[in-house]
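Note: the block below is input36.txt and it holds compact mmCIF, C-alpha atoms and all ligand atoms.
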```
# COMPACT_ATOMS: atom_id res chain seq x y z
CA MET A 1 118.85 -6.15 -234.40
CA ARG A 2 119.23 -5.29 -230.75
CA TYR A 3 121.18 -7.81 -228.69
CA PRO A 4 119.53 -9.38 -225.69
CA VAL A 5 121.20 -7.95 -222.58
CA ILE A 6 122.25 -11.45 -221.52
CA GLU A 7 122.43 -14.50 -223.74
CA VAL A 8 123.61 -17.81 -222.33
CA GLN A 9 123.94 -20.69 -224.78
CA GLY A 10 124.83 -24.32 -224.16
CA LEU A 11 126.21 -23.65 -220.71
CA VAL A 12 127.92 -26.59 -219.01
CA ASN A 13 129.23 -26.46 -215.44
CA ARG A 14 130.74 -29.39 -213.57
CA PHE A 15 132.35 -29.95 -210.21
CA GLY A 16 134.28 -33.21 -210.38
CA SER A 17 131.77 -35.81 -211.51
CA GLN A 18 128.78 -33.62 -210.57
CA VAL A 19 127.17 -31.98 -213.60
CA VAL A 20 125.33 -28.84 -212.50
CA HIS A 21 124.39 -27.39 -215.90
CA ASP A 22 124.26 -29.39 -219.11
CA GLY A 23 123.43 -27.28 -222.14
CA LEU A 24 121.54 -24.51 -220.37
CA ASP A 25 120.18 -21.62 -222.45
CA MET A 26 118.91 -18.34 -221.06
CA GLU A 27 118.05 -14.94 -222.49
CA VAL A 28 117.37 -11.71 -220.65
CA ARG A 29 115.90 -8.76 -222.52
CA GLN A 30 116.29 -5.09 -221.89
CA ASP A 31 114.18 -3.52 -219.14
CA GLU A 32 112.71 -6.75 -217.87
CA VAL A 33 112.67 -8.32 -214.46
CA PHE A 34 113.78 -11.90 -215.08
CA GLY A 35 113.33 -14.42 -212.29
CA ILE A 36 115.54 -17.48 -211.88
CA VAL A 37 113.85 -20.32 -210.05
CA GLY A 38 114.90 -23.86 -209.16
CA GLY A 39 115.21 -26.26 -206.27
CA SER A 40 117.97 -25.92 -203.68
CA GLY A 41 121.23 -27.03 -205.26
CA SER A 42 119.84 -26.85 -208.81
CA GLY A 43 122.58 -24.42 -209.81
CA LYS A 44 121.07 -20.95 -209.51
CA SER A 45 124.04 -19.38 -207.77
CA VAL A 46 126.52 -21.19 -210.04
CA LEU A 47 124.60 -19.82 -213.03
CA LEU A 48 124.82 -16.33 -211.59
CA ARG A 49 128.55 -16.76 -211.02
CA SER A 50 128.97 -17.89 -214.62
CA ILE A 51 127.15 -14.81 -215.90
CA LEU A 52 129.28 -12.57 -213.68
CA GLY A 53 132.49 -14.10 -214.99
CA LEU A 54 133.36 -15.51 -211.55
CA GLN A 55 133.00 -19.13 -212.60
CA HIS A 56 134.58 -20.38 -215.80
CA PRO A 57 132.15 -22.81 -217.48
CA ALA A 58 133.26 -26.14 -218.95
CA ALA A 59 131.42 -25.23 -222.18
CA GLY A 60 129.01 -22.71 -223.64
CA THR A 61 128.91 -18.98 -224.17
CA VAL A 62 127.75 -16.14 -221.95
CA ARG A 63 127.13 -12.92 -223.87
CA ILE A 64 126.55 -9.67 -222.09
CA GLU A 65 125.38 -6.96 -224.47
CA GLY A 66 126.73 -9.10 -227.31
CA GLN A 67 130.17 -9.81 -225.87
CA ASP A 68 131.15 -13.34 -224.88
CA ILE A 69 132.61 -12.89 -221.42
CA THR A 70 133.92 -16.45 -221.20
CA ARG A 71 136.63 -15.42 -223.65
CA LEU A 72 137.72 -12.27 -221.89
CA SER A 73 140.68 -11.75 -219.62
CA GLU A 74 140.30 -10.25 -216.15
CA GLN A 75 141.48 -6.95 -217.63
CA GLN A 76 138.95 -7.05 -220.47
CA LEU A 77 136.17 -7.96 -218.04
CA ARG A 78 136.72 -4.91 -215.88
CA PRO A 79 134.67 -2.37 -217.89
CA ILE A 80 131.86 -4.92 -218.29
CA LYS A 81 131.79 -5.54 -214.56
CA ALA A 82 131.21 -1.83 -214.05
CA ARG A 83 128.01 -2.16 -216.11
CA TYR A 84 126.33 -4.44 -213.62
CA GLY A 85 125.63 -4.43 -209.93
CA VAL A 86 125.20 -7.48 -207.74
CA ALA A 87 123.58 -8.03 -204.37
CA PHE A 88 124.75 -11.46 -203.27
CA GLN A 89 122.65 -13.93 -201.33
CA SER A 90 123.88 -13.07 -197.85
CA GLY A 91 124.01 -9.34 -198.45
CA ALA A 92 127.78 -9.72 -198.37
CA LEU A 93 128.46 -6.35 -196.81
CA TYR A 94 131.76 -5.89 -195.03
CA SER A 95 130.95 -6.04 -191.35
CA GLY A 96 133.84 -3.77 -190.38
CA LEU A 97 132.67 -0.96 -192.65
CA THR A 98 129.68 1.35 -192.27
CA VAL A 99 126.90 1.31 -194.84
CA LEU A 100 128.33 4.49 -196.35
CA GLN A 101 131.79 2.94 -196.65
CA ASN A 102 130.34 -0.24 -198.13
CA VAL A 103 128.48 1.72 -200.79
CA GLN A 104 131.65 3.65 -201.57
CA LEU A 105 133.80 0.57 -202.18
CA PRO A 106 132.97 0.19 -205.89
CA MET A 107 133.40 3.96 -206.31
CA MET A 108 136.89 3.76 -204.80
CA GLU A 109 137.76 0.93 -207.14
CA TYR A 110 136.46 2.48 -210.35
CA LEU A 111 136.09 6.24 -209.96
CA GLN A 112 138.44 9.05 -209.09
CA LEU A 113 136.28 11.22 -206.87
CA GLU A 114 136.93 13.68 -204.11
CA SER A 115 135.77 12.33 -200.79
CA THR A 116 133.01 14.93 -200.38
CA VAL A 117 131.58 14.06 -203.79
CA ARG A 118 131.85 10.37 -202.98
CA ASP A 119 129.99 10.93 -199.69
CA GLU A 120 127.19 12.76 -201.44
CA LEU A 121 126.90 10.16 -204.17
CA ALA A 122 126.81 7.30 -201.65
CA LEU A 123 124.14 9.09 -199.60
CA LEU A 124 122.09 9.48 -202.75
CA LYS A 125 122.21 5.71 -203.35
CA ILE A 126 121.34 5.03 -199.72
CA ARG A 127 118.23 7.22 -199.98
CA LEU A 128 117.36 5.77 -203.37
CA VAL A 129 116.87 2.31 -201.84
CA GLY A 130 114.62 3.66 -199.12
CA LEU A 131 117.08 3.70 -196.23
CA PRO A 132 116.99 6.61 -193.78
CA ALA A 133 120.03 8.88 -193.96
CA ASP A 134 121.15 7.84 -190.47
CA ALA A 135 121.66 4.29 -191.73
CA ALA A 136 124.76 5.55 -193.55
CA GLY A 137 126.86 5.65 -190.39
CA LYS A 138 125.72 2.28 -189.07
CA TYR A 139 127.47 -1.05 -189.31
CA PRO A 140 125.69 -4.03 -190.93
CA ALA A 141 125.19 -5.73 -187.55
CA GLN A 142 123.19 -2.69 -186.41
CA LEU A 143 120.66 -3.04 -189.22
CA SER A 144 117.55 -5.20 -189.63
CA GLY A 145 117.52 -7.94 -192.28
CA GLY A 146 115.49 -5.79 -194.65
CA MET A 147 117.83 -2.86 -194.24
CA VAL A 148 120.90 -5.02 -194.93
CA LYS A 149 119.31 -6.16 -198.20
CA ARG A 150 118.64 -2.55 -199.15
CA ALA A 151 122.18 -1.54 -198.26
CA ALA A 152 123.48 -4.33 -200.50
CA VAL A 153 121.33 -2.95 -203.33
CA ALA A 154 122.64 0.56 -202.67
CA ARG A 155 126.16 -0.76 -203.08
CA ALA A 156 125.16 -2.65 -206.23
CA LEU A 157 123.89 0.66 -207.65
CA ALA A 158 127.06 2.56 -206.77
CA LEU A 159 128.31 2.80 -210.36
CA ASP A 160 124.92 3.43 -212.01
CA PRO A 161 124.74 -0.01 -213.62
CA ALA A 162 122.39 -0.95 -216.46
CA LEU A 163 121.98 -4.44 -215.06
CA LEU A 164 121.18 -5.48 -211.51
CA PHE A 165 121.52 -9.01 -210.14
CA LEU A 166 119.80 -10.07 -206.95
CA ASP A 167 120.39 -13.47 -205.34
CA GLU A 168 117.49 -14.49 -203.08
CA PRO A 169 116.81 -10.90 -201.98
CA THR A 170 113.68 -11.61 -199.95
CA SER A 171 114.78 -14.82 -198.26
CA GLY A 172 114.78 -14.46 -194.50
CA LEU A 173 112.55 -11.37 -194.56
CA ASP A 174 109.14 -11.22 -192.94
CA PRO A 175 106.25 -10.93 -195.44
CA VAL A 176 105.81 -7.18 -194.94
CA SER A 177 109.52 -6.44 -195.49
CA ALA A 178 109.58 -8.84 -198.44
CA THR A 179 106.66 -7.05 -200.10
CA ALA A 180 108.33 -3.70 -199.46
CA PHE A 181 111.47 -5.07 -201.10
CA ASP A 182 109.44 -6.20 -204.14
CA ASP A 183 108.15 -2.64 -204.41
CA LEU A 184 111.74 -1.40 -204.36
CA VAL A 185 112.60 -3.76 -207.23
CA LEU A 186 109.69 -2.43 -209.29
CA PHE A 187 110.55 1.15 -208.40
CA LEU A 188 114.20 0.76 -209.42
CA GLN A 189 113.33 -1.02 -212.64
CA LYS A 190 110.93 1.74 -213.61
CA GLU A 191 112.83 4.81 -212.45
CA LEU A 192 116.34 3.72 -213.44
CA ARG A 193 115.25 1.66 -216.47
CA LEU A 194 117.25 -1.24 -215.08
CA THR A 195 117.29 -4.76 -216.38
CA ILE A 196 116.99 -6.96 -213.30
CA VAL A 197 117.84 -10.62 -212.85
CA MET A 198 116.53 -12.00 -209.60
CA ILE A 199 117.14 -15.45 -208.16
CA THR A 200 114.27 -16.25 -205.85
CA HIS A 201 112.32 -18.97 -204.09
CA ASP A 202 109.61 -16.52 -203.24
CA LEU A 203 106.44 -17.11 -205.24
CA ASP A 204 104.88 -13.86 -204.09
CA SER A 205 107.92 -12.00 -205.37
CA ILE A 206 107.81 -13.77 -208.72
CA PHE A 207 104.18 -12.94 -209.34
CA ARG A 208 104.57 -9.37 -208.13
CA THR A 209 107.74 -8.39 -209.91
CA CYS A 210 108.85 -10.71 -212.73
CA ASN A 211 108.01 -10.36 -216.40
CA ARG A 212 109.58 -13.66 -217.35
CA VAL A 213 110.86 -16.61 -215.39
CA GLY A 214 113.53 -19.22 -216.09
CA VAL A 215 113.24 -22.45 -214.15
CA ILE A 216 116.25 -24.72 -213.80
CA VAL A 217 115.08 -28.31 -214.24
CA ASN A 218 117.24 -31.28 -215.19
CA ARG A 219 120.32 -29.05 -215.52
CA ARG A 220 118.69 -26.89 -218.20
CA MET A 221 116.37 -23.90 -218.20
CA GLU A 222 112.72 -23.58 -219.18
CA SER A 223 111.84 -19.92 -219.74
CA ASP A 224 108.55 -18.21 -220.33
CA THR A 225 106.40 -15.31 -219.25
CA VAL A 226 105.07 -15.50 -215.71
CA GLU A 227 101.58 -16.00 -217.15
CA ARG A 228 102.60 -18.94 -219.32
CA ILE A 229 105.27 -20.71 -217.27
CA VAL A 230 102.58 -21.98 -214.89
CA ASP A 231 101.23 -24.12 -217.75
CA ASN A 232 104.59 -25.76 -218.47
CA PRO A 233 104.11 -29.56 -218.39
CA ASP A 234 107.36 -30.31 -216.52
CA PRO A 235 106.40 -32.08 -213.23
CA TRP A 236 108.70 -29.98 -211.03
CA ILE A 237 107.42 -26.75 -212.56
CA ARG A 238 103.80 -27.89 -212.21
CA GLU A 239 104.29 -28.77 -208.57
CA TYR A 240 106.11 -25.51 -207.94
CA PHE A 241 103.47 -23.25 -209.49
CA HIS A 242 100.39 -25.30 -208.64
CA GLY A 243 101.23 -26.68 -205.21
CA GLU A 244 99.64 -25.50 -202.00
CA ARG A 245 102.08 -22.62 -201.52
CA ALA A 246 101.60 -21.34 -205.06
CA ARG A 247 97.85 -20.94 -204.85
CA GLY A 248 97.81 -18.13 -202.34
CA ALA A 249 100.59 -16.26 -204.11
CA ARG A 250 98.81 -16.40 -207.44
CA ILE A 251 95.57 -15.17 -205.98
CA ALA A 252 97.29 -12.33 -204.12
CA ALA A 253 99.31 -11.28 -207.18
CA GLY A 254 96.31 -11.54 -209.49
CA ALA A 255 94.43 -9.07 -207.32
CA GLY A 256 97.44 -6.74 -207.16
CA ARG A 257 98.09 -6.85 -210.88
CA ALA A 258 94.50 -6.23 -211.85
CA ALA A 259 94.44 -3.14 -209.68
CA GLY A 260 97.89 -1.93 -210.63
CA SER A 261 98.56 -2.15 -214.32
CA ALA A 262 96.71 -2.43 -217.57
CA GLY A 263 98.03 -5.96 -217.67
CA ALA A 264 100.10 -5.47 -220.80
CA SER A 265 102.50 -8.39 -220.94
CA GLY A 266 106.05 -7.26 -220.57
CA SER A 267 105.12 -4.45 -218.24
CA ALA A 268 106.34 -4.79 -214.71
CA GLY A 269 104.22 -1.85 -213.65
CA ALA A 270 102.46 -2.41 -210.40
CA SER A 271 100.49 0.05 -208.39
CA GLY A 272 102.37 2.05 -205.83
CA ALA A 273 105.76 1.11 -207.21
CA GLY A 274 106.55 4.79 -207.50
CA ASP A 275 107.16 5.47 -203.87
CA GLY A 276 106.98 2.01 -202.39
CA GLY A 277 110.72 1.82 -202.52
CA ARG A 278 111.15 5.04 -200.65
CA SER A 279 109.08 4.20 -197.64
CA GLY A 280 111.66 1.89 -196.06
CA ASP A 281 110.58 -1.27 -194.28
CA GLY A 282 112.19 -0.25 -191.02
CA ALA A 283 111.62 -3.78 -189.78
N1 LIG B 301 132.70 -24.21 -205.82
C1 LIG B 301 132.01 -25.36 -205.81
N2 LIG B 301 132.65 -26.56 -205.72
C2 LIG B 301 131.96 -27.72 -205.73
N3 LIG B 301 130.64 -27.81 -205.83
C3 LIG B 301 129.94 -26.67 -205.91
C4 LIG B 301 130.59 -25.38 -205.91
N4 LIG B 301 129.65 -24.43 -206.03
C5 LIG B 301 128.46 -25.06 -206.10
N5 LIG B 301 128.64 -26.40 -206.04
C6 LIG B 301 127.56 -27.41 -206.11
O1 LIG B 301 126.79 -27.13 -207.25
C7 LIG B 301 125.40 -27.34 -206.99
C8 LIG B 301 124.61 -26.08 -207.30
O2 LIG B 301 124.94 -25.09 -206.32
P1 LIG B 301 124.23 -23.67 -206.26
O3 LIG B 301 124.28 -23.03 -207.59
O4 LIG B 301 124.83 -22.95 -205.12
O5 LIG B 301 122.72 -24.09 -205.92
P2 LIG B 301 121.46 -23.13 -205.70
O6 LIG B 301 120.51 -23.42 -206.83
O7 LIG B 301 120.86 -23.58 -204.40
O8 LIG B 301 121.94 -21.72 -205.68
C9 LIG B 301 125.30 -27.79 -205.55
O9 LIG B 301 125.22 -29.20 -205.52
C10 LIG B 301 126.60 -27.32 -204.94
O10 LIG B 301 127.00 -28.15 -203.90
MG MG B 302 121.99 -20.13 -204.21
```
Could you take the file, read its structure, and then write that structure out as structure tokens?
Ligand SMILES: Nc1ncnc2c1ncn2[C@@H]1O[C@H](COP(=O)(O)OP(=O)(O)O)[C@@H](O)[C@H]1O
Ligand SMILES: [Mg+2]
Amino acid sequence: MRYPVIEVQGLVNRFGSQVVHDGLDMEVRQDEVFGIVGGSGSGKSVLLRSILGLQHPAAGTVRIEGQDITRLSEQQLRPIKARYGVAFQSGALYSGLTVLQNVQLPMMEYLQLESTVRDELALLKIRLVGLPADAAGKYPAQLSGGMVKRAAVARALALDPALLFLDEPTSGLDPVSATAFDDLVLFLQKELRLTIVMITHDLDSIFRTCNRVGVIVNRRMESDTVERIVDNPDPWIREYFHGERARGARIAAGAGRAAGSAGASGSAGASGAGDGGRSGDGA
């Protein structure tokens, strides 16, 4: 049997008397785009930190490709950390470094490369995420919001990971840049055969890009396909997917999906994903 890429079981996280997760289960399968949804403060970022081995849970297991990372030392975690890339919520680029230098940081940490090779490799990643080559020499403050997000993804891809984590990647972007970013997600998933875990509030993004969704409610997770999660009886989930804001997103995505893919469940394929990520949002 093939392991799920990520398998979280019985996760418990607490801060003092505050219980954030209480027996949370989550499974991410190979090659899918898995969306993590939940209200503000419901524990999305803490869950991500637990999966990344940055937050030691009070109980539960977190398996990545079959290995329980909660039992590993810092040293043992190192090769696993090289298997995934992360773009944190704020972009988290170093403001004193250029985009090129930011993208090279993981390479410096993990790979022994000559500087010319490292430059070429970093430029490749920068172009892969749809940034113009001249973005390489710029500092984060000189970039638009959409470009900063792309630069963060370029850095996350520095070591050719199998798994990519994105925390709220479209928050703060205008709708056009956000849609262009969704196209980049689909493009990367398809071209690099990545498994992608994306924390998001953005309903349009969910319907456009995710195969399955996990919603954090009452300190646990309800997971299902995007098509089926909308019928979950939980009141928060109902309100989320059937409220005023959800309606427009579902209609828009329904039209896009019908035109784009054969509709096979489990396929993230959307029309135009092939070069959508290359166009750059420039905004
Ligand atoms: N390091 C920490 N120390 C204490 N409380 C924390 C810490 N990190 C997160 N929390 C609390 O845990 C809850 C979940 O936080 P978070 O995962 O960041 O929420 P979100 O779903 O908005 O990403 C929040 O109430 C937050 O205040
Ligand atoms: Mg968060």
Could you give me, as CSV, a per-residue list for stretch 195-252 of chain A showing, wherever an atom lies at most 7 Å from an atom of stretch 31-55 of chain A, the closest pair of atoms and their distance in Å to one decimal, using all atoms listed in the file and sorting by chain then residue number from low to high?
```
residue,atom,partner,partner_atom,distance
A:Thr195,CA,A:Asp31,CA,4.3
A:Ile196,CA,A:Val33,CA,4.7
A:Val197,CA,A:Phe34,CA,4.8
A:Met198,CA,A:Gly35,CA,4.8
A:Ile199,CA,A:Ile36,CA,4.5
A:Thr200,CA,A:Val37,CA,5.9
A:His201,CA,A:Val37,CA,6.3
A:Ile206,CA,A:Gly35,CA,6.6
A:Thr209,CA,A:Val33,CA,6.7
A:Cys210,CA,A:Val33,CA,4.8
A:Asn211,CA,A:Val33,CA,5.4
A:Arg212,CA,A:Phe34,CA,5.1
A:Val213,CA,A:Gly35,CA,4.5
A:Gly214,CA,A:Ile36,CA,5.0
A:Val215,CA,A:Val37,CA,4.7
A:Ile216,CA,A:Gly38,CA,4.9
A:Val217,CA,A:Gly38,CA,6.8
```
Nearest-residue call for A:Ala158, choices A:Ala180, A:Leu128, A:Val19, A:Leu173, using only C-alpha atoms: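 Checking each candidate against A:Ala158, we get A:Leu128 as the closest.
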In Å to one decimal, how far is atom CA of A:Leu203 from atom CA of A:Val5? 24.5 Å
A:Leu11, A:Arg155, A:Pro4, A:Met26: which is nearest A:Met221, counting all atoms listed in the file? A:Met26
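Closest approach to ligand MG 302 (chain B) from the set A:Gln9, A:Gln112, A:Asn102, A:Ser90 is made by A:Ser90, with distances taken over all atoms listed in the file.
Here the question is which of A:Lys81, A:Asp202, A:Ile69, A:Leu157 gets nearest to A:Arg245 using all atoms listed in the file, and that residue is A:Asp202.
Restricting the calculation to only C-alpha atoms, the smallest distance between A:Ala136 and any of A:Met108, A:Tyr84, A:Gln101, A:Leu113 is found for A:Gln101.
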Tell me which of A:Gln76, A:Ser115, A:Ser171, A:Asn232 sits closest to A:Asp204, counting all atoms listed in the file.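 Among the listed residues, A:Ser171 lies closest to A:Asp204.
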Would you give the centre and edge lengths, in Å to one decimal, of a box along x, y and z around the listed atoms of stretch 167-176 of chain A, with 3 Å added to each side, as AutoDock Vina command-line options?
```
--center_x 113.1 --center_y -11.0 --center_z -199.1 --size_x 20.6 --size_y 13.6 --size_z 18.4
```
Mind checking which residues fall within 7 Å of A:Glu7, counting all atoms listed in the file, ignoring those fewer than 4 positions away in the same chain, and posting them as a ChimeraX atom specification? /A:26-28,62-64
Please indicate the distance in Å from atom CA of A:Gly23 to atom CA of A:Arg78, rounded to one decimal place. 26.8 Å
Could you tell me how far atom CA of A:Arg219 lies from atom O7 of ligand LIG 301 (chain B), in Å and to one decimal?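 It comes out at 12.4 Å.
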I'd like the neighbourhood of A:Glu227 as a PDB file with C-alpha atoms, in the coordinates of the input, where a residue qualifies if any of its atoms comes within 9 Å (using only C-alpha atoms), though same-chain residues fewer than 2 positions away should be ignored.
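And here's part.pdb as it stands now:
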```pdb
ATOM      1  CA  PHE A 207     104.180 -12.940-209.340  1.00  0.00           C
ATOM      2  CA  ASN A 211     108.010 -10.360-216.400  1.00  0.00           C
ATOM      3  CA  ARG A 212     109.580 -13.660-217.350  1.00  0.00           C
ATOM      4  CA  ASP A 224     108.550 -18.210-220.330  1.00  0.00           C
ATOM      5  CA  THR A 225     106.400 -15.310-219.250  1.00  0.00           C
ATOM      6  CA  ILE A 229     105.270 -20.710-217.270  1.00  0.00           C
ATOM      7  CA  VAL A 230     102.580 -21.980-214.890  1.00  0.00           C
ATOM      8  CA  ASP A 231     101.230 -24.120-217.750  1.00  0.00           C
ATOM      9  CA  SER A 265     102.500  -8.390-220.940  1.00  0.00           C
TER      10      SER A 265
END
```
